[in-house]
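> Sharing a structure with you now.
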Amino acid sequence: MEALGLLLHGFAVLLTWKTLLLMMVGLVLGVFVGVLPGLGGPNGVAILLPLTFSMDPTSAIVMLSCIYWGALFGGAITSILFNIPGEAWSVATTFDGYPMAQQGKAAEALTAAFTSSFIGSLVAVLLITFLAPWISSFALKFGPPEFFAVYLLTFCSFVGLGREDKHKTVIAMALGLLLAGVGMDTVSGQLRMTFGSTDLLRGINFLVAVIGLFGISEILLTMEERLALRGHAASISLRTVLAVWKDLPKYWMTLLRSSVIGCWLGITPGGAIAASFMGYNLAKRFSKDQDSFGKGRIEGVFAPETAAHASGTAALLPMLALGIPGSGTAAILLGGLMVWGLNPGPLLFVEHKDFVWGLIASMYLGNVVGLVLVLSTVPIFASILRVPFAAVAPMIVVSCAIGAYAIQNAMFDVWLMLGFGVVGYVFKKIKIPLAPFTLALVLGSRAEDAFRQSMIISGGNMKVFWANGLVGTITTLAILLLFWPLIDRLVASFGKSTPPAAKVEA
Amino acid sequence: MRNLITIAAAAAAIFASAPASAGWEPSKPVEIVVAAGAGGASDQMARMMQAAIQKNNLLKQPVVVSLKGGASGAEALMYMKSSDGDANKVLIAYSLIYMLPLSAKLPFDWKELSPVAVIALDQFVLWDNVNGPKTVKEFIEAAKASGSPFKLGGTGSKREDHVLTVFLEKKTGAKFSYLPYKSGGEAATQLVGGHTEANVNNPSENLEVWRAGQVRPLCVFDKERISYTAKVTETQSWNDIPTCKEQGLDVQYLMLRAMFLPGKVSQEQQEFYVDLFSKLVQTPEYKDYMEKQALKPIFLTGKDMIQFLEEDGSLNKQLMTEAGFVAK
């Protein structure tokens with residue numbers, strides 16, 4: 001149990017008043033940047049990075065990683081209260097979190113989100129603690145075909161398991177993929193669909209789109225309907241928190257499933273977003289009462305939050321062990337490590353043991369302290385819903401605009417965000433789901449690169465997606481999920497020996 | 001009366017500008033513009049500069065790093081181009097200033113910016129997996145004998161790594177299929193995982209996997225060996241890597257790392273930054289960074305720099321044209 005000994009040593013390094021104080025400061029700052037849509041973890045960490053140059057590496061990374069945890073917790077707050085996801089992986093949290101807030105169960109939803117974030121991270125940290133060496137060699141097995149297979153699995157699970165009309169899901173996804181193509185194409189090195197515009201060079205930033213699609217469109221809908229935020233914060237107390245916790249064991253299967261998905265996808269770079277969607281879809285798929293999802297079911301908050309945080313935490317592992325950041329924030333942390341002379345890579349675990357285990361210990365501590373901190377402030381956040389809509393709406397719009405601007409310091413993005421707000425409004429009216437659209441926008445270009453790289457490897461032969469056990473299993477699973485409704489019906493009809501009731505549109 | 005006011009105003013102006021004659025100084029935070037994503041070589045360099053400037057009190061104003069890596073760095077170039085006269089922004093440029101306008105028809109010319117200093121040259125090394133061939137000769141023979149073309153990973157398309165791959169093909173007659181990845185770090189891990197047979201990463205991009213004994217440097221694409229002789233792995237230093245020419249493969253390529261201000265800045269402002277960077281390259285942080293990343297030291301300003309850029313630019317143009325990467 002070398003790992004355990006080293007971990008305890010890590011805790012010993014951390015348990016000083018100075019470090020604990022830094023953790024608190026980091027967490028509060030993190031929640032603050034997390035609440036502003038678009039500012040989020042990466043920007044928060046980037047802004048505060050210079051502050052840590054004068055600290056020793058361990059204190060610095062503890063503070064930065066606590067900003068990271070804080071931002072993760074903070075992102076859930078806006079998703080639930082205002083339907084504005086702070087981070088890409090919070091999108092799935094809005095599906096049930098926001099309806100819960102509308103029904104006056106904001107406190108429950110927030111408690112559920114924070115608790116499941118905590119559980120997800122904890123499982124992932126445990127995994128990192130004990131399986132670090134093995135996992136980094138697993139991540140190395142991922143070449144372009146494997147990456148594509150994972151993205152395909154995510155897309156297919158959306159079409160196959162989603163409840164919306166299949167053709168509308170496909171339309172939304174196709175539009176997302178189209179917009180993901182704007183900007184520089186990695187494989188050919190050419191600019192696409194920029195029409196000579198300097199602003200479009202950057203491509204369409206996912207967060208800009210999400211802030212508009214979810215946040216602004218929601219304001220528009222609310223204005224049209226009743227000029228009031230639906231629902232008021234009900235009783236918020238320790239009792240609410242305990243009530244949610246008491247129900248936790250009922251959802252052990254969802255929590256476990258999401259944790260596993262999260263850890264697995266987190267190890268592959270960029271997996272956190274895919275994980276949150278997949279966690280949500282699978283929870284829905286295996287639920288007895290599928291119709292209640294999307295209408296304010298607490299399980300719909302547990303599932304994506306657990307998966308997102310399990311994978312967000314697991315994503316730090318490839319960063320440390322391989323030097324590949326799994327998320328934007330991890331990339332900034334990577335830059336920080338370099339400044340302190342710590343080069344992420346296979347040798348980091350050997351040469352800088354105290355640092356690595358200090359960081360891992362800070363993941364445990366940061367999460368515990370973070371959970372207590374955010375739970376104790378839930379009433380403050382939930383009470384925002386009591387403020388009249390007329391006062392809150394302009395503030396939300398302004399914070400959306402600041403968020404959209406801050407991502408790349410570009411005024412163009414603010415206009416783009418407003419444009420997406422209108423698109424989101426129209427989509428909601430004609431019932432085109434927004435989630436597949438955003439998913440395609442964020443994973444589209446990565447999936448495309450991975451696919452084309454695979455084609456270069458194989459010389460255009462599709463067999464490459466069944467070239468070995470790993471990629472073959474994922475690809476087959478993806479195709480199974482795509483046709484799941486058909487398969488489900490077939491199985492059901494065999495069971496009951498009655499013909500399928502209706503044809504399924506693919 | 002009016003004249004009196006004018007004279008008084010002029011006197012005041014002279015008086016006020018007296019301290020300024022000691023030199024222009026930034027009045028706002030200085031922005032180091034990075035034409036690459038977070039964690040890449042340029043970002044690391046910018047963070048090192050930020051730390052070195054801060055620790056050695058080289059500037060009164062704070063330094064911020066702004067990442068403009070969109071469209072393979074084109075975003076940063078266009079950002080600089082649109083910031084005429086703003087001397088609070090300084091770009092860390094590399095070969096993309098020559099290549100992107102050619103391959104992607106980007107309306108950009110480095111001559112529109114104000115050059116400050118060339119601060120380093122980056123090497124390229126031919127690496128293969130530690131389980132692969134041990135010398136350049138064996139590597140090329142294996143590549144020729146292989147049934148399917150050897151896979152060679154690199155950063156981006158129609159850029160440095162891709163150009164080098166084309167010249168490897170031309171000089172050796174072996175066939176390679178080039179796999180463009182988003183970053184050098186990705187190309188490194190893909191090589192370790194055995195998904196590609198080789199890459200031509202910069203020393204810094206493969207440093208950690210080399211130290212871990214997962215990849216092997218075959219040769220460096222330069223006329224002379226890398227000068228650093230301190231042991232990097234247990235047995236080898238950067239200096240132990242032979243040049244490609246020594247190994248019978250006559251291909252050379254070095255990539256510049258240079259600082260630019262936007263166009264239309266004053267002489268004084270330009271001089272201020274020349275002075276700043278000449279101090280910066282003397283700091284221990286900078287020297288330490290150069291050795292760690294195995295960068296080739298160079299410091300050129302003024303006319304020398306322009307001459308260097310012009311020669312380097314036409315060399316790059318020639319390479320890009322020969323490789324067939326110039327967009328029509």
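Order determines the names: the first chain of the structure tokens is A, the second B, and so forth; residues in each chain are numbered 1 upward, and ligands are numbered 1 upward as they are shown.
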Leaving out A:Thr19 and any residue of its chain fewer than 6 positions from it, which residues lie within 10 Å of it when counting only C-alpha atoms, given as a list in words?

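My list of contacting residues is Val13, Val25, Thr58, Ser59, Ala60, Val62, Met63 and Ser362 of chain A.
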
> Write a file of the just-selected residues containing N, CA and C atoms, as a PDB file, in the first residue's frame.


ATOM      1  N   VAL A  13       1.191  17.213   4.444  1.00  0.00           N
ATOM      2  CA  VAL A  13       1.710  18.433   3.831  1.00  0.00           C
ATOM      3  C   VAL A  13       0.640  19.530   3.832  1.00  0.00           C
ATOM      4  N   VAL A  25      -9.966  30.399   0.211  1.00  0.00           N
ATOM      5  CA  VAL A  25      -9.911  31.547  -0.700  1.00  0.00           C
ATOM      6  C   VAL A  25     -10.140  31.064  -2.128  1.00  0.00           C
ATOM      7  N   THR A  58       3.404  23.620  -4.261  1.00  0.00           N
ATOM      8  CA  THR A  58       2.303  22.878  -3.652  1.00  0.00           C
ATOM      9  C   THR A  58       1.171  23.820  -3.248  1.00  0.00           C
ATOM     10  N   SER A  59       1.507  24.913  -2.563  1.00  0.00           N
ATOM     11  CA  SER A  59       0.457  25.869  -2.176  1.00  0.00           C
ATOM     12  C   SER A  59      -0.239  26.392  -3.419  1.00  0.00           C
ATOM     13  N   ALA A  60       0.552  26.691  -4.447  1.00  0.00           N
ATOM     14  CA  ALA A  60      -0.010  27.276  -5.653  1.00  0.00           C
ATOM     15  C   ALA A  60      -1.002  26.331  -6.308  1.00  0.00           C
ATOM     16  N   VAL A  62      -2.570  23.870  -4.973  1.00  0.00           N
ATOM     17  CA  VAL A  62      -3.719  23.654  -4.104  1.00  0.00           C
ATOM     18  C   VAL A  62      -4.728  24.774  -4.312  1.00  0.00           C
ATOM     19  N   MET A  63      -4.228  26.006  -4.340  1.00  0.00           N
ATOM     20  CA  MET A  63      -5.127  27.134  -4.521  1.00  0.00           C
ATOM     21  C   MET A  63      -5.798  27.067  -5.889  1.00  0.00           C
ATOM     22  N   SER A 362      -5.171  17.210  -2.026  1.00  0.00           N
ATOM     23  CA  SER A 362      -5.959  18.445  -2.082  1.00  0.00           C
ATOM     24  C   SER A 362      -7.272  18.213  -2.816  1.00  0.00           C
TER      25      SER A 362
END

> Would you list which chain B residues are within 8 Å of chain A using only C-alpha atoms, as a PDB file with C-alpha atoms, in the first residue's frame?


ATOM      1  CA  ALA B  38      -2.943  26.700 -23.587  1.00  0.00           C
ATOM      2  CA  GLY B  39      -0.014  24.526 -22.556  1.00  0.00           C
ATOM      3  CA  GLY B  40       1.757  24.696 -25.936  1.00  0.00           C
ATOM      4  CA  ASP B  43       2.160  29.551 -23.998  1.00  0.00           C
ATOM      5  CA  GLN B  44       4.897  28.099 -21.814  1.00  0.00           C
ATOM      6  CA  ARG B  47       4.308  32.259 -18.851  1.00  0.00           C
ATOM      7  CA  MET B  48       8.075  32.083 -18.351  1.00  0.00           C
ATOM      8  CA  GLN B  50       5.527  36.762 -17.292  1.00  0.00           C
ATOM      9  CA  ALA B  51       7.263  35.146 -14.310  1.00  0.00           C
ATOM     10  CA  LYS B  68      -5.245  33.725 -29.324  1.00  0.00           C
ATOM     11  CA  GLY B  70      -7.873  30.138 -32.819  1.00  0.00           C
ATOM     12  CA  ALA B  71      -7.482  28.909 -36.398  1.00  0.00           C
ATOM     13  CA  SER B  72      -3.988  27.503 -35.718  1.00  0.00           C
ATOM     14  CA  ALA B  74      -4.270  32.955 -37.401  1.00  0.00           C
ATOM     15  CA  GLU B  75      -6.413  34.648 -34.774  1.00  0.00           C
ATOM     16  CA  MET B  78      -5.126  39.143 -37.311  1.00  0.00           C
ATOM     17  CA  SER B 103      -1.210  27.824 -46.964  1.00  0.00           C
ATOM     18  CA  ALA B 104      -4.482  29.389 -45.838  1.00  0.00           C
ATOM     19  CA  LYS B 151       2.748   6.955 -40.111  1.00  0.00           C
ATOM     20  CA  GLY B 156      -1.338  20.830 -37.844  1.00  0.00           C
ATOM     21  CA  SER B 157      -1.397  20.590 -41.589  1.00  0.00           C
ATOM     22  CA  LYS B 158       0.863  22.318 -44.132  1.00  0.00           C
ATOM     23  CA  SER B 177       1.576   9.138 -44.335  1.00  0.00           C
ATOM     24  CA  TYR B 178       1.361  12.315 -42.306  1.00  0.00           C
ATOM     25  CA  LEU B 179      -1.155  12.500 -39.455  1.00  0.00           C
ATOM     26  CA  PRO B 180      -2.019  16.055 -38.388  1.00  0.00           C
ATOM     27  CA  TYR B 181      -2.757  16.418 -34.674  1.00  0.00           C
ATOM     28  CA  LYS B 182      -3.868  19.490 -32.766  1.00  0.00           C
ATOM     29  CA  GLY B 185       1.858  16.888 -26.988  1.00  0.00           C
ATOM     30  CA  GLU B 186      -0.777  14.821 -28.741  1.00  0.00           C
ATOM     31  CA  THR B 189       1.602  10.445 -26.797  1.00  0.00           C
ATOM     32  CA  GLN B 190       0.349   8.953 -30.050  1.00  0.00           C
ATOM     33  CA  VAL B 192       4.339   6.409 -27.347  1.00  0.00           C
ATOM     34  CA  GLY B 193       1.065   4.520 -27.772  1.00  0.00           C
ATOM     35  CA  HIS B 195      -0.327   4.734 -33.176  1.00  0.00           C
ATOM     36  CA  GLU B 208       9.193  14.015 -20.924  1.00  0.00           C
ATOM     37  CA  VAL B 209       8.508  10.867 -22.924  1.00  0.00           C
ATOM     38  CA  ARG B 211      13.201  10.934 -20.229  1.00  0.00           C
ATOM     39  CA  ALA B 212      10.709   8.187 -19.470  1.00  0.00           C
TER      40      ALA B 212
END

> For B:Ser148, find every residue with an atom within 9 Å (counting only C-alpha atoms), except residues of its own chain fewer than 5 positions away, and show them as an MDAnalysis selection string.

chainID B and resid 143 175:177

> Store the residues picked out above, limited to N, CA and C atoms, as a PDB file, in the first residue's frame.


ATOM      1  N   ALA B 143      11.176   1.879 -43.204  1.00  0.00           N
ATOM      2  CA  ALA B 143      10.072   2.614 -43.823  1.00  0.00           C
ATOM      3  C   ALA B 143       9.896   2.190 -45.271  1.00  0.00           C
ATOM      4  N   LYS B 175       8.123   6.318 -48.270  1.00  0.00           N
ATOM      5  CA  LYS B 175       6.785   6.920 -48.240  1.00  0.00           C
ATOM      6  C   LYS B 175       6.311   7.052 -46.792  1.00  0.00           C
ATOM      7  N   PHE B 176       5.747   8.210 -46.461  1.00  0.00           N
ATOM      8  CA  PHE B 176       5.179   8.396 -45.127  1.00  0.00           C
ATOM      9  C   PHE B 176       3.741   8.867 -45.275  1.00  0.00           C
ATOM     10  N   SER B 177       2.867   8.452 -44.358  1.00  0.00           N
ATOM     11  CA  SER B 177       1.576   9.138 -44.335  1.00  0.00           C
ATOM     12  C   SER B 177       1.553  10.027 -43.105  1.00  0.00           C
TER      13      SER B 177
END

> Excluding A:Val35 and any residue of its chain fewer than 3 positions from it, enumerate the residues within 6 Å of it, using only C-alpha atoms, and give them as a ChimeraX atom specification.

/A:32,74-75,78

> Mind the document's chain letters and residue numbers, and return as a PyMOL selection string the residues of stretch 135-275 of chain A that DSSP labels helix (DSSP H, G or I).

chain A and resi 135-140+144-161+166-180+199-202+206-225+238-267+271-275

> Which value, in Å to one decimal, gives the distance between atom CA of A:Arg489 and atom CA of A:Lys288?

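Straight-line distance from atom CA of A:Arg489 to atom CA of A:Lys288 works out to 16.0 Å.
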
> Expressed in Å to a single decimal, how great is the separation between atom CA of A:Cys263 and atom CA of A:Met319?

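Interatomic distance, atom CA of A:Cys263 to atom CA of A:Met319: 14.2 Å.
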
> Rank B:Thr155, B:Asn202, B:Thr165, B:Ser66 by their smallest atom-to-atom distance to B:Leu295, using only C-alpha atoms, and report the top residue only.

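Nearest to B:Leu295: B:Asn202.
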
> Identify which of the residues B:Val30, B:Leu207, B:Val64, B:Leu121 lies closest to B:Leu256, counting only C-alpha atoms when measuring atom-to-atom distances.

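Between B:Val30, B:Leu207, B:Val64, B:Leu121, the residue approaching B:Leu256 most closely is B:Leu121.
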
> For A:Gly366, work out the shell of residues within 12 Å, counting only C-alpha atoms and skipping chain neighbours fewer than 6 positions away, then give it as a PDB file with C-alpha atoms, in the first residue's frame.


ATOM      1  CA  PHE A  11      -2.452  15.111   3.770  1.00  0.00           C
ATOM      2  CA  LEU A  14      -1.681  20.085   3.405  1.00  0.00           C
ATOM      3  CA  LEU A  15      -3.012  20.233   6.917  1.00  0.00           C
ATOM      4  CA  THR A  19      -2.925  25.823   3.172  1.00  0.00           C
ATOM      5  CA  LEU A  20      -6.465  25.479   4.485  1.00  0.00           C
ATOM      6  CA  LEU A  21      -6.896  29.231   4.241  1.00  0.00           C
ATOM      7  CA  LEU A  22      -5.643  29.185   0.665  1.00  0.00           C
ATOM      8  CA  MET A  23      -8.145  26.431  -0.085  1.00  0.00           C
ATOM      9  CA  MET A  24     -11.022  28.493   1.260  1.00  0.00           C
ATOM     10  CA  VAL A  25      -9.911  31.547  -0.700  1.00  0.00           C
ATOM     11  CA  GLY A  26      -9.571  29.427  -3.835  1.00  0.00           C
ATOM     12  CA  LEU A  27     -12.998  27.858  -3.409  1.00  0.00           C
ATOM     13  CA  VAL A  28     -14.780  31.151  -2.828  1.00  0.00           C
ATOM     14  CA  GLY A  30     -13.910  29.594  -7.841  1.00  0.00           C
ATOM     15  CA  ILE A  61      -1.499  24.163  -7.145  1.00  0.00           C
ATOM     16  CA  VAL A  62      -3.719  23.654  -4.104  1.00  0.00           C
ATOM     17  CA  MET A  63      -5.127  27.134  -4.521  1.00  0.00           C
ATOM     18  CA  LEU A  64      -5.572  26.748  -8.271  1.00  0.00           C
ATOM     19  CA  SER A  65      -7.191  23.354  -8.017  1.00  0.00           C
ATOM     20  CA  CYS A  66      -9.557  24.731  -5.398  1.00  0.00           C
ATOM     21  CA  ILE A  67     -10.546  27.489  -7.798  1.00  0.00           C
ATOM     22  CA  TYR A  68     -11.213  24.677 -10.233  1.00  0.00           C
ATOM     23  CA  TRP A  69     -13.447  22.794  -7.764  1.00  0.00           C
ATOM     24  CA  GLY A  70     -15.191  26.009  -6.811  1.00  0.00           C
ATOM     25  CA  ALA A  71     -15.892  26.803 -10.452  1.00  0.00           C
ATOM     26  CA  LEU A  72     -17.285  23.314 -10.988  1.00  0.00           C
ATOM     27  CA  PHE A  73     -19.663  23.737  -8.064  1.00  0.00           C
ATOM     28  CA  PHE A 118     -18.884  15.442  -4.628  1.00  0.00           C
ATOM     29  CA  SER A 121     -15.159  13.480  -7.813  1.00  0.00           C
ATOM     30  CA  LEU A 122     -14.587  11.248  -4.845  1.00  0.00           C
ATOM     31  CA  VAL A 125     -10.001  10.543  -6.925  1.00  0.00           C
ATOM     32  CA  THR A 313     -11.515  14.856 -11.958  1.00  0.00           C
ATOM     33  CA  GLY A 358      -0.132  16.783  -2.270  1.00  0.00           C
ATOM     34  CA  LEU A 359      -2.320  17.555  -5.283  1.00  0.00           C
ATOM     35  CA  ILE A 360      -4.266  14.314  -4.941  1.00  0.00           C
ATOM     36  CA  VAL A 372     -19.611  22.221   3.081  1.00  0.00           C
ATOM     37  CA  LEU A 373     -19.008  25.706   1.747  1.00  0.00           C
ATOM     38  CA  VAL A 374     -21.507  25.556  -1.115  1.00  0.00           C
TER      39      VAL A 374
END
